[in-house]
Amino acid sequence: MFLRDHWYVAALSREITVVPLSRQILGEHVALFRTEAGVPVALADRCPHRGYPLSLGMVVGEQLVCGYHGFTFDCSGTCVAVPAQDRIPGRANVRAFHVVEQGPFVWIWMGRSEADLSALPDTPWLSDVERWSAVSGVAAINASFELLVDNLLDLSHETFLHRGSIGTPEVATTPIEVEVADEAKVVRVYRPMNAVECPPFYARTTGLEGKVDRWQDIEYTPPGYYLLHARIAPVGEPPRPDGTDDHAYHMKILYGLTPSSEGKVLDFWALSRDFCVGDAEIDRFLENMQVGVVQEDVDALNILQLRSDELMEMGEVSVKIDRGGLAARRMLSAMGEAAMSH
Amino acid sequence: MFLRDHWYVAALSREITVVPLSRQILGEHVALFRTEAGVPVALADRCPHRGYPLSLGMVVGEQLVCGYHGFTFDCSGTCVAVPAQDRIPGRANVRAFHVVEQGPFVWIWMGRSEADLSALPDTPWLSDVERWSAVSGVAAINASFELLVDNLLDLSHETFLHRGSIGTPEVATTPIEVEVADEAKVVRVYRPMNAVECPPFYARTTGLEGKVDRWQDIEYTPPGYYLLHARIAPVGEPPRPDGTDDHAYHMKILYGLTPSSEGKVLDFWALSRDFCVGDAEIDRFLENMQVGVVQEDVDALNILQLRSDELMEMGEVSVKIDRGGLAARRMLSAMGEAAMSH
Amino acid sequence: MFLRDHWYVAALSREITVVPLSRQILGEHVALFRTEAGVPVALADRCPHRGYPLSLGMVVGEQLVCGYHGFTFDCSGTCVAVPAQDRIPGRANVRAFHVVEQGPFVWIWMGRSEADLSALPDTPWLSDVERWSAVSGVAAINASFELLVDNLLDLSHETFLHRGSIGTPEVATTPIEVEVADEAKVVRVYRPMNAVECPPFYARTTGLEGKVDRWQDIEYTPPGYYLLHARIAPVGEPPRPDGTDDHAYHMKILYGLTPSSEGKVLDFWALSRDFCVGDAEIDRFLENMQVGVVQEDVDALNILQLRSDELMEMGEVSVKIDRGGLAARRMLSAMGEAAMSH
């Protein structure tokens with residue numbers, strides 16, 4: 001069961017070209033392509049004629065031609081040509097999905113109802129290239145959506161799973177605070193690491209020396225939108241009462257969690273920073289580091305899924321650091337029940 | 001359910017040697033080998049002792065010795081030796097299948113009843129090396145028999161799937177005629193492409209220039225025997241009333257469709273021509289081209305099968321070009337029902 | 001169903017280091033590691049927190065730290081630390097398995113009851129490096145435990161499956177004697193090959209020429225302990241009445257048969273000899289030969305399992321050479337029934 005009436009990241013913007021891309025989202029195969037005019041389009045990836053994937057077809061102008069027998073579709077999914085005859089069967093149309101391009105991502109609405117544009121995540125910093133620089137990517141994980149949510153909501157794993165890169169001892173030892181906004185459907189996890197050693201990357205890029213305040217604040221909007229606010233600042237200098245915080249250095253780490261099929265999930269990410277803006281060397285460093293970190297998560301979640309597939313015993317022992325993940329599970333479960341009762 | 005009381009191609013003649021070949025046909029594992037005297041033999045590929053594949057054994061003279069413990073069988077499948085004792089258990093025999101070698105193919109009868117030699121396809125041109133030259137091959141497809149029948153009965157796919165090689169626009173745009181001989185169990189599909197551009201290969205090999213008449217006539221005898229008659233001739237010069245047609249150039253493209261197991265099929269082929277006979281360079285060109293064309297079919301059918309395995313929704317929209325395929329499906333379905341009511 | 005209350009080889013001694021090893025034994029995942037003090041330890045390979053394999057964790061001193069969130073366990077499986085809090089939940093312990101290191105092997109007790117040390121196989125020659133030299137190894141087989149027992153109890157297969165290495169005609173042609181000790185739970189198979197050609201390896205290493213007596217005596221203690229006594233001696237010179245036999249050359253070939261999961265088995269082996277003791281070149285020769293021989297068994301059993309998985313028909317025809325294997329099957333079956341009736 002998937003939560004359909006939500007926005008999910010379907011692809012990186014740069015993945016969508018005139019050569020169609022096949023991607024499974026919420027169990028459905030989707031053909032993603034860009035018309036010759038540059039417009040991103042998402043159609044159900046199954047020709048109604050004999051079931052051939054439309055993603056193996058060719059974009060011609062503003063149309064997609066099936067690669068098996070040439071059935072041809074416009075961007076709304078309407079069939080506009082079939083071979084060797086003029087009459088076009090009425091049942092030969094395919095579903096078109098609403099997509100929106102925003103910065104490095106193309107978002108998709110897989111719901112049965114009309115797309116709700118007011119619910120589209122607002123990510124202005126991903127388009128504000130003057131003040132923010134971003135790197136982005138995607139990884140396919142052979143694990144359930146739930147295992148990825150667990151992973152992201154409990155960052156204490158950084159200390160162990162990512163000990164060679166982003167993990168420091170304080171992430172695991174610092175107690176967290178959890179805040180659940182049931183109305184707004186947001187789970188927040190605060191991890192204020194005050195007066196800790198400045199990690200080498202931040203020391204080098206910000207010029208800060210010695211101890212710093214390092215905050216990691218999670219803002220998770222189930223099901224598919226996760227934002228981590230990272231803040232590095234001189235010790236004891238919180239944001240000002242008016243909200244300004246320009247004496248600190250910030251990163252916004254967005255994860256787009258997209259269920260692919262039962263037991264498979266797509267893990268989109270974009271790392272943005274408001275320092276060293278436009279520095280291509282820092283871009284490369286962060287991209288390489290993040291690709292490595294995500295691969296560690298992929299490996300861990302793949303083996304967790306394999307083990308849980310084969311074992312009967314699924315017991316868990318939860319501790320205080322799990323409160324964020326448990327809150328997210330409860331919210332997802334409530335949303336699932338609400339969706340089913342519709 | 002397979003249609004057993006029919007002849008199928010079991011192997012290319014050149015595949016059968018004194019080193020046994022294991023092949024699954026109609027769900028049964030068959031060990032195919034040639035005795036030292038050169039006779040092709042087909043035995044059930046399972047030693048009655050402990051189930052080891054006989055195809056992993058050794059041919060010694062006119063016998064096959066199991067590669068695990070040495071149980072030995074003659075060409076009729078009779079066990080003639082077991083290790084460390086003289087008495088041979090009566091139950092230790094294996095089934096032998098009737099095989100017939102004809103030109104580049106070895107045909108097999110998998111039926112429970114006696115092999116019907118009168119039903120063996122007659123392919124004299126494959127042995128008439130004075131008047132015809134042939135190239136042959138085989139591909140394994142991870143798709144159902146039915147998907148391959150669909151593919152071969154609707155050649156309009158050449159225009160799209162094989163657009164880089166044999167596909168021309170006219171194959172898809174020319175209306176077809178379909179003829180169903182229910183008594184004789186043959187489906188015929190005629191595609192007369194008159195006054196069309198001569199494809200480059202034919203222009204080069206036949207010397208014809210400008211427009212030509214190009215006919216593609218399918219003759220499908222379910223389940224396993226498919227013959228495509230291709231004819232290239234000067235515009236407006238059909239075969240003479242007496243049937244002679246020596247002003248035209250002909251190819252006979254035979255496909256042997258052999259169900260391997262549920263969801264797997266073997267696609268044997270032989271391309272014969274009555275021009276440039278004996279020209280080894282043309283042989284090589286045609287073989288390379290056909291291997292590429294068949295691989296495009298393999299890729300398409302493999303992905304179709306994968307998708308149909310995972311999807312519930314199996315709807316189709318049929319159009320006029322599908323009449324040949326639909327007729328073949330109906331005939332196969334009727335043959336299946338008749339076989340079950342026996 | 002596995003026979004749990006027995007000793008099985010868990011790993012080669014050299015496989016167990018401070019970098020944990022994951023191994024599935026009798027269906028259970030086990031993390032095997034050596035503490036920094038050198039003690040071999042086996043813990044259930046599943047962190048009780050979120051199910052991550054403990055084998056992906058780190059050994060720190062005498063403890064194992066989970067590689068996901070840092071739950072920490074001592075050698076008895078007791079949880080001694082969790083992140084970001086002092087209180088340790090009582091349910092956070094994991095099972096520790098009793099292991100015993102003996103020569104090249106580490107044995108494990110997977111039973112629900114207390115480990116029975118009196119039942120541990122006694123293999124003094126594997127530790128007596130003055131009089132015996134040994135080489136050892138392990139292979140993973142994708143076949144059932146039963147297929148491996150069949151294979152080892154009927155050595156007539158050497159003549160065919162291992163014809164390129166250890167197989168000679170006499171192994172298949174010599175009648176066997178079988179002895180079943182139901183009380184002691186041992187199956188013995190005697191194959192006395194008298195006055196046969198000395199195999200080249202023995203001729204070269206022992207200096208014997210021409211004909212020899214060559215005995216192969218199997219001693220199988222189900223389920224997991226198989227010992228083959230090989231004896232080469234001058235013709236007509238049996239062991240003396242007092243049991244001494246120093247005019248002969250001996251090899252002890254131990255197989256540890258460890259069910260991994262349903263349809264998978266681990267095949268541990270150690271080849272010991274009482275001649276050319278300490279000769280590293282002979283070690284290398286025997287190790288290479290045995291790795292090749294075992295690979296032939298692996299290939300044969302893998303294909304046997306694949307075939308038996310897909311076929312309904314499982315008939316067998318047993319002959320005299322099968323008496324050892326049939327006796328082993330009966331004993332295993334009786335042990336299985338006894339275990340279930342407990």
# chains A, B, ... in the order shown; residues from 1 in each chain; ligands from 1
call {"tool": "residues_around", "arguments": {"residues": "Gly137 in chain B", "least_positions_apart": "3", "cutoff": "7 Å", "atoms": "only C-alpha atoms", "output": "list in words"}}
result
Phe268, Trp269 and Ala270 of chain B
call {"tool": "write_last_selection", "arguments": {"atoms": "all heavy atoms", "output": "PDB file, in the first residue's frame"}}
result
ATOM      1  N   PHE B 268      14.739 -20.721 -33.347  1.00  0.00           N
ATOM      2  CA  PHE B 268      15.651 -21.185 -34.414  1.00  0.00           C
ATOM      3  C   PHE B 268      15.320 -20.457 -35.705  1.00  0.00           C
ATOM      4  O   PHE B 268      14.151 -20.148 -35.954  1.00  0.00           O
ATOM      5  CB  PHE B 268      15.478 -22.691 -34.628  1.00  0.00           C
ATOM      6  CG  PHE B 268      15.949 -23.532 -33.481  1.00  0.00           C
ATOM      7  CD1 PHE B 268      15.063 -23.927 -32.491  1.00  0.00           C
ATOM      8  CD2 PHE B 268      17.284 -23.914 -33.383  1.00  0.00           C
ATOM      9  CE1 PHE B 268      15.498 -24.690 -31.410  1.00  0.00           C
ATOM     10  CE2 PHE B 268      17.724 -24.688 -32.316  1.00  0.00           C
ATOM     11  CZ  PHE B 268      16.825 -25.072 -31.327  1.00  0.00           C
ATOM     12  N   TRP B 269      16.316 -20.241 -36.528  1.00  0.00           N
ATOM     13  CA  TRP B 269      16.055 -19.577 -37.812  1.00  0.00           C
ATOM     14  C   TRP B 269      17.008 -20.062 -38.895  1.00  0.00           C
ATOM     15  O   TRP B 269      18.129 -20.502 -38.599  1.00  0.00           O
ATOM     16  CB  TRP B 269      16.137 -18.048 -37.671  1.00  0.00           C
ATOM     17  CG  TRP B 269      17.410 -17.544 -37.042  1.00  0.00           C
ATOM     18  CD1 TRP B 269      17.618 -17.265 -35.725  1.00  0.00           C
ATOM     19  CD2 TRP B 269      18.661 -17.268 -37.707  1.00  0.00           C
ATOM     20  NE1 TRP B 269      18.904 -16.832 -35.520  1.00  0.00           N
ATOM     21  CE2 TRP B 269      19.558 -16.818 -36.715  1.00  0.00           C
ATOM     22  CE3 TRP B 269      19.094 -17.343 -39.025  1.00  0.00           C
ATOM     23  CZ2 TRP B 269      20.874 -16.465 -37.015  1.00  0.00           C
ATOM     24  CZ3 TRP B 269      20.414 -16.988 -39.327  1.00  0.00           C
ATOM     25  CH2 TRP B 269      21.289 -16.556 -38.315  1.00  0.00           C
ATOM     26  N   ALA B 270      16.518 -20.017 -40.133  1.00  0.00           N
ATOM     27  CA  ALA B 270      17.374 -20.277 -41.304  1.00  0.00           C
ATOM     28  C   ALA B 270      16.921 -19.343 -42.407  1.00  0.00           C
ATOM     29  O   ALA B 270      15.743 -19.339 -42.780  1.00  0.00           O
ATOM     30  CB  ALA B 270      17.265 -21.731 -41.746  1.00  0.00           C
TER      31      ALA B 270
END
call {"tool": "interface_residues", "arguments": {"of": "chain C", "to": "chain B", "cutoff": "8 Å", "atoms": "only C-alpha atoms", "output": "PyMOL selection string"}}
result
chain C and resi 156-161+172-175+300+303-304+308+314-321
call {"tool": "write_last_selection", "arguments": {"atoms": "N, CA and C atoms", "output": "CSV table (one decimal), in the first residue's frame"}}
result
chain,number,residue,atom,x,y,z
C,156,SER,N,32.2,-44.5,-5.6
C,156,SER,CA,32.3,-45.0,-7.0
C,156,SER,C,32.3,-43.8,-7.9
C,157,HIS,N,31.7,-42.7,-7.5
C,157,HIS,CA,31.7,-41.5,-8.4
C,157,HIS,C,33.1,-41.0,-8.7
C,158,GLU,N,34.1,-41.3,-7.8
C,158,GLU,CA,35.4,-40.9,-8.1
C,158,GLU,C,35.9,-41.3,-9.5
C,159,THR,N,35.5,-42.5,-9.9
C,159,THR,CA,35.9,-43.0,-11.2
C,159,THR,C,35.4,-42.2,-12.4
C,160,PHE,N,34.3,-41.5,-12.2
C,160,PHE,CA,33.6,-40.8,-13.3
C,160,PHE,C,33.7,-39.3,-13.1
C,161,LEU,N,33.3,-38.8,-12.0
C,161,LEU,CA,33.3,-37.4,-11.7
C,161,LEU,C,34.7,-36.8,-11.6
C,172,ALA,N,35.3,-47.9,-8.9
C,172,ALA,CA,33.9,-48.2,-9.3
C,172,ALA,C,33.7,-49.7,-9.4
C,173,THR,N,34.7,-50.5,-9.7
C,173,THR,CA,34.5,-51.9,-10.0
C,173,THR,C,34.6,-52.8,-8.8
C,174,THR,N,35.2,-52.2,-7.7
C,174,THR,CA,35.4,-53.1,-6.5
C,174,THR,C,34.2,-53.1,-5.6
C,175,PRO,N,33.6,-54.3,-5.3
C,175,PRO,CA,32.4,-54.4,-4.5
C,175,PRO,C,32.8,-53.8,-3.1
C,300,ALA,N,28.6,-30.7,-9.5
C,300,ALA,CA,27.7,-31.8,-9.7
C,300,ALA,C,26.5,-31.6,-8.7
C,303,ILE,N,24.1,-28.7,-9.7
C,303,ILE,CA,23.2,-29.0,-10.9
C,303,ILE,C,22.1,-30.0,-10.4
C,304,LEU,N,22.5,-31.0,-9.6
C,304,LEU,CA,21.5,-31.9,-9.1
C,304,LEU,C,20.4,-31.2,-8.3
C,308,SER,N,16.5,-31.1,-9.3
C,308,SER,CA,15.5,-31.7,-8.4
C,308,SER,C,14.6,-30.6,-7.9
C,314,MET,N,11.1,-37.7,-9.1
C,314,MET,CA,12.3,-37.8,-8.2
C,314,MET,C,12.7,-39.3,-8.1
C,315,GLY,N,12.3,-40.1,-9.0
C,315,GLY,CA,12.5,-41.6,-8.8
C,315,GLY,C,14.0,-41.9,-8.8
C,316,GLU,N,14.4,-43.0,-8.2
C,316,GLU,CA,15.8,-43.4,-8.1
C,316,GLU,C,15.8,-44.9,-8.4
C,317,VAL,N,16.9,-45.4,-8.9
C,317,VAL,CA,17.1,-46.8,-9.0
C,317,VAL,C,18.4,-47.1,-8.2
C,318,SER,N,18.3,-47.8,-7.1
C,318,SER,CA,19.5,-48.1,-6.3
C,318,SER,C,20.1,-49.4,-6.6
C,319,VAL,N,21.4,-49.5,-6.5
C,319,VAL,CA,22.2,-50.7,-6.8
C,319,VAL,C,23.1,-51.0,-5.6
C,320,LYS,N,23.9,-52.0,-5.7
C,320,LYS,CA,24.7,-52.5,-4.5
C,320,LYS,C,25.6,-51.4,-3.9
C,321,ILE,N,26.2,-50.6,-4.8
C,321,ILE,CA,27.2,-49.6,-4.3
C,321,ILE,C,26.4,-48.5,-3.5
call {"tool": "residues_around", "arguments": {"residues": "Gly207 in chain B", "least_positions_apart": "3", "cutoff": "12 Å", "atoms": "only C-alpha atoms", "output": "JSON, numbers by chain"}}
result
{"B": [198, 199, 200, 201, 202, 203, 204, 210, 211, 212, 232, 233, 234, 248, 249, 275, 276]}
call {"tool": "write_last_selection", "arguments": {"atoms": "all heavy atoms", "output": "CSV table (one decimal), in the first residue's frame"}}
result
chain,number,residue,atom,x,y,z
B,198,CYS,N,13.6,0.1,-53.5
B,198,CYS,CA,14.3,-1.1,-53.3
B,198,CYS,C,15.3,-1.0,-52.1
B,198,CYS,O,16.2,-0.1,-52.1
B,198,CYS,CB,15.1,-1.5,-54.5
B,198,CYS,SG,15.9,-3.2,-54.4
B,199,PRO,N,15.2,-1.8,-51.1
B,199,PRO,CA,16.1,-1.7,-49.9
B,199,PRO,C,17.5,-1.9,-50.4
B,199,PRO,O,17.8,-2.7,-51.3
B,199,PRO,CB,15.7,-2.8,-49.0
B,199,PRO,CG,14.3,-3.1,-49.4
B,199,PRO,CD,14.2,-2.9,-50.8
B,200,PRO,N,18.5,-1.2,-49.8
B,200,PRO,CA,19.9,-1.2,-50.3
B,200,PRO,C,20.5,-2.6,-50.5
B,200,PRO,O,21.1,-2.8,-51.5
B,200,PRO,CB,20.6,-0.4,-49.2
B,200,PRO,CG,19.6,0.4,-48.5
B,200,PRO,CD,18.3,-0.3,-48.6
B,201,PHE,N,20.2,-3.5,-49.5
B,201,PHE,CA,20.8,-4.8,-49.6
B,201,PHE,C,20.4,-5.5,-50.9
B,201,PHE,O,21.2,-6.1,-51.7
B,201,PHE,CB,20.4,-5.7,-48.4
B,201,PHE,CG,20.6,-7.2,-48.6
B,201,PHE,CD1,21.9,-7.7,-48.7
B,201,PHE,CD2,19.6,-8.0,-48.8
B,201,PHE,CE1,22.1,-9.1,-48.9
B,201,PHE,CE2,19.8,-9.4,-49.1
B,201,PHE,CZ,21.0,-9.9,-49.1
B,202,TYR,N,19.1,-5.4,-51.2
B,202,TYR,CA,18.5,-6.1,-52.4
B,202,TYR,C,19.1,-5.4,-53.7
B,202,TYR,O,19.4,-6.1,-54.7
B,202,TYR,CB,17.0,-6.1,-52.4
B,202,TYR,CG,16.4,-7.1,-51.5
B,202,TYR,CD1,15.7,-6.7,-50.4
B,202,TYR,CD2,16.5,-8.5,-51.8
B,202,TYR,CE1,15.1,-7.7,-49.5
B,202,TYR,CE2,15.9,-9.4,-50.9
B,202,TYR,CZ,15.2,-9.0,-49.8
B,202,TYR,OH,14.7,-9.9,-48.9
B,203,ALA,N,19.1,-4.1,-53.6
B,203,ALA,CA,19.6,-3.4,-54.8
B,203,ALA,C,21.1,-3.8,-55.1
B,203,ALA,O,21.4,-4.2,-56.3
B,203,ALA,CB,19.6,-1.9,-54.5
B,204,ARG,N,21.9,-4.0,-54.1
B,204,ARG,CA,23.3,-4.3,-54.3
B,204,ARG,C,23.4,-5.8,-54.8
B,204,ARG,O,24.2,-6.1,-55.7
B,204,ARG,CB,24.0,-4.2,-53.0
B,204,ARG,CG,25.5,-4.4,-53.1
B,204,ARG,CD,26.2,-3.6,-52.0
B,204,ARG,NE,25.8,-4.1,-50.7
B,204,ARG,CZ,26.3,-5.2,-50.1
B,204,ARG,NH1,27.3,-5.9,-50.7
B,204,ARG,NH2,25.9,-5.6,-48.9
B,210,GLY,N,15.9,1.5,-58.6
B,210,GLY,CA,14.7,2.3,-58.4
B,210,GLY,C,13.6,1.5,-57.7
B,210,GLY,O,13.9,0.8,-56.7
B,211,LYS,N,12.3,1.7,-58.1
B,211,LYS,CA,11.2,1.0,-57.5
B,211,LYS,C,11.2,-0.5,-57.8
B,211,LYS,O,11.5,-0.9,-58.9
B,211,LYS,CB,9.9,1.7,-57.9
B,211,LYS,CG,9.8,3.2,-57.7
B,211,LYS,CD,9.4,3.5,-56.2
B,211,LYS,CE,9.3,5.0,-56.1
B,211,LYS,NZ,8.9,5.4,-54.7
B,212,VAL,N,10.6,-1.2,-56.8
B,212,VAL,CA,10.4,-2.7,-57.0
B,212,VAL,C,9.1,-3.1,-56.4
B,212,VAL,O,8.5,-2.3,-55.6
B,212,VAL,CB,11.6,-3.5,-56.4
B,212,VAL,CG1,12.9,-3.3,-57.0
B,212,VAL,CG2,11.6,-3.2,-54.9
B,232,ILE,N,11.3,-10.2,-54.2
B,232,ILE,CA,11.6,-8.9,-54.8
B,232,ILE,C,11.6,-9.0,-56.3
B,232,ILE,O,12.2,-9.9,-56.9
B,232,ILE,CB,13.1,-8.4,-54.4
B,232,ILE,CG1,13.2,-8.3,-52.9
B,232,ILE,CG2,13.5,-7.2,-55.1
B,232,ILE,CD1,12.7,-6.9,-52.4
B,233,ALA,N,10.9,-8.1,-57.0
B,233,ALA,CA,10.8,-8.3,-58.5
B,233,ALA,C,10.6,-6.9,-59.1
B,233,ALA,O,10.2,-5.9,-58.4
B,233,ALA,CB,9.6,-9.2,-58.8
B,234,PRO,N,10.8,-6.8,-60.4
B,234,PRO,CA,10.5,-5.5,-61.1
B,234,PRO,C,9.0,-5.2,-60.9
B,234,PRO,O,8.2,-6.1,-60.8
B,234,PRO,CB,10.8,-5.8,-62.6
B,234,PRO,CG,11.8,-7.0,-62.5
B,234,PRO,CD,11.5,-7.8,-61.3
B,248,ALA,N,12.1,-13.1,-60.6
B,248,ALA,CA,12.1,-12.5,-59.2
B,248,ALA,C,13.2,-13.1,-58.3
B,248,ALA,O,13.8,-14.1,-58.7
B,248,ALA,CB,10.8,-12.7,-58.5
B,249,TYR,N,13.5,-12.4,-57.2
B,249,TYR,CA,14.5,-12.9,-56.3
B,249,TYR,C,13.8,-13.3,-55.0
B,249,TYR,O,12.9,-12.6,-54.6
B,249,TYR,CB,15.5,-11.8,-56.0
B,249,TYR,CG,16.2,-11.4,-57.3
B,249,TYR,CD1,15.6,-10.4,-58.1
B,249,TYR,CD2,17.4,-12.0,-57.6
B,249,TYR,CE1,16.2,-10.0,-59.3
B,249,TYR,CE2,18.0,-11.6,-58.8
B,249,TYR,CZ,17.4,-10.6,-59.7
B,249,TYR,OH,18.1,-10.3,-60.8
B,275,PHE,N,19.5,-16.4,-54.8
B,275,PHE,CA,20.4,-15.5,-55.6
B,275,PHE,C,21.7,-15.4,-54.9
B,275,PHE,O,21.8,-15.7,-53.7
B,275,PHE,CB,19.8,-14.1,-55.8
B,275,PHE,CG,19.3,-13.4,-54.6
B,275,PHE,CD1,20.1,-12.5,-53.9
B,275,PHE,CD2,18.0,-13.7,-54.0
B,275,PHE,CE1,19.7,-11.9,-52.8
B,275,PHE,CE2,17.6,-13.1,-52.9
B,275,PHE,CZ,18.5,-12.2,-52.2
B,276,CYS,N,22.8,-15.0,-55.6
B,276,CYS,CA,24.1,-15.0,-55.0
B,276,CYS,C,24.4,-16.3,-54.3
B,276,CYS,O,25.0,-16.4,-53.2
B,276,CYS,CB,24.3,-13.8,-54.0
B,276,CYS,SG,24.0,-12.2,-54.8
call {"tool": "residues_around", "arguments": {"residues": "Ala140 in chain A", "least_positions_apart": "5", "cutoff": "10 Å", "atoms": "only C-alpha atoms", "output": "PyMOL selection string"}}
result
chain A and resi 258-260+264-268+294-295+298+302
call {"tool": "closest_residue", "arguments": {"among": "C:Leu153, C:Leu117, C:Val99, C:Ile108", "to": "Leu326 in chain C", "atoms": "only C-alpha atoms"}}
result
C:Leu153
call {"tool": "select_by_dssp", "arguments": {"residues": "range 129-178 of chain A", "states": "strand (DSSP E or B)", "output": "list of chain:residue names"}}
result
A:Ser133, A:Ala134, A:Val135, A:Ser136, A:Gly137, A:Val138, A:Ala139, A:Ala140, A:Ile141, A:Glu177, A:Val178
call {"tool": "residues_around", "arguments": {"residues": "Thr35 in chain B", "least_positions_apart": "3", "cutoff": "7 Å", "atoms": "only C-alpha atoms", "output": "list in words"}}
result
Val18, Gly38, Val39, Pro40, Val59, Gly61 and Glu62 of chain B
call {"tool": "residues_around", "arguments": {"residues": "Gly325 in chain B", "least_positions_apart": "2", "cutoff": "9 Å", "atoms": "only C-alpha atoms", "output": "VMD selection string"}}
result
chain B and resid 149 to 154 187 321 to 323 327 to 330
call {"tool": "select_by_dssp", "arguments": {"residues": "range 122-203 of chain C", "states": "helix (DSSP H, G or I)", "output": "list in words"}}
result
Pro124, Trp125, Leu126, Phe145, Glu146, Leu147, Leu148, Val149, Asp150, Asn151, Leu152, Leu153, Leu155, Ser156, His157, Glu158, Thr159, Phe160, Leu161, Pro169, Glu170, Val171, Ala172, Thr173, Pro200, Phe201, Tyr202 and Ala203 of chain C
call {"tool": "closest_residue", "arguments": {"among": "B:Asp122, B:Glu237, B:Asp86, B:Glu337", "to": "Gly103 in chain B", "atoms": "only C-alpha atoms"}}
result
B:Asp122
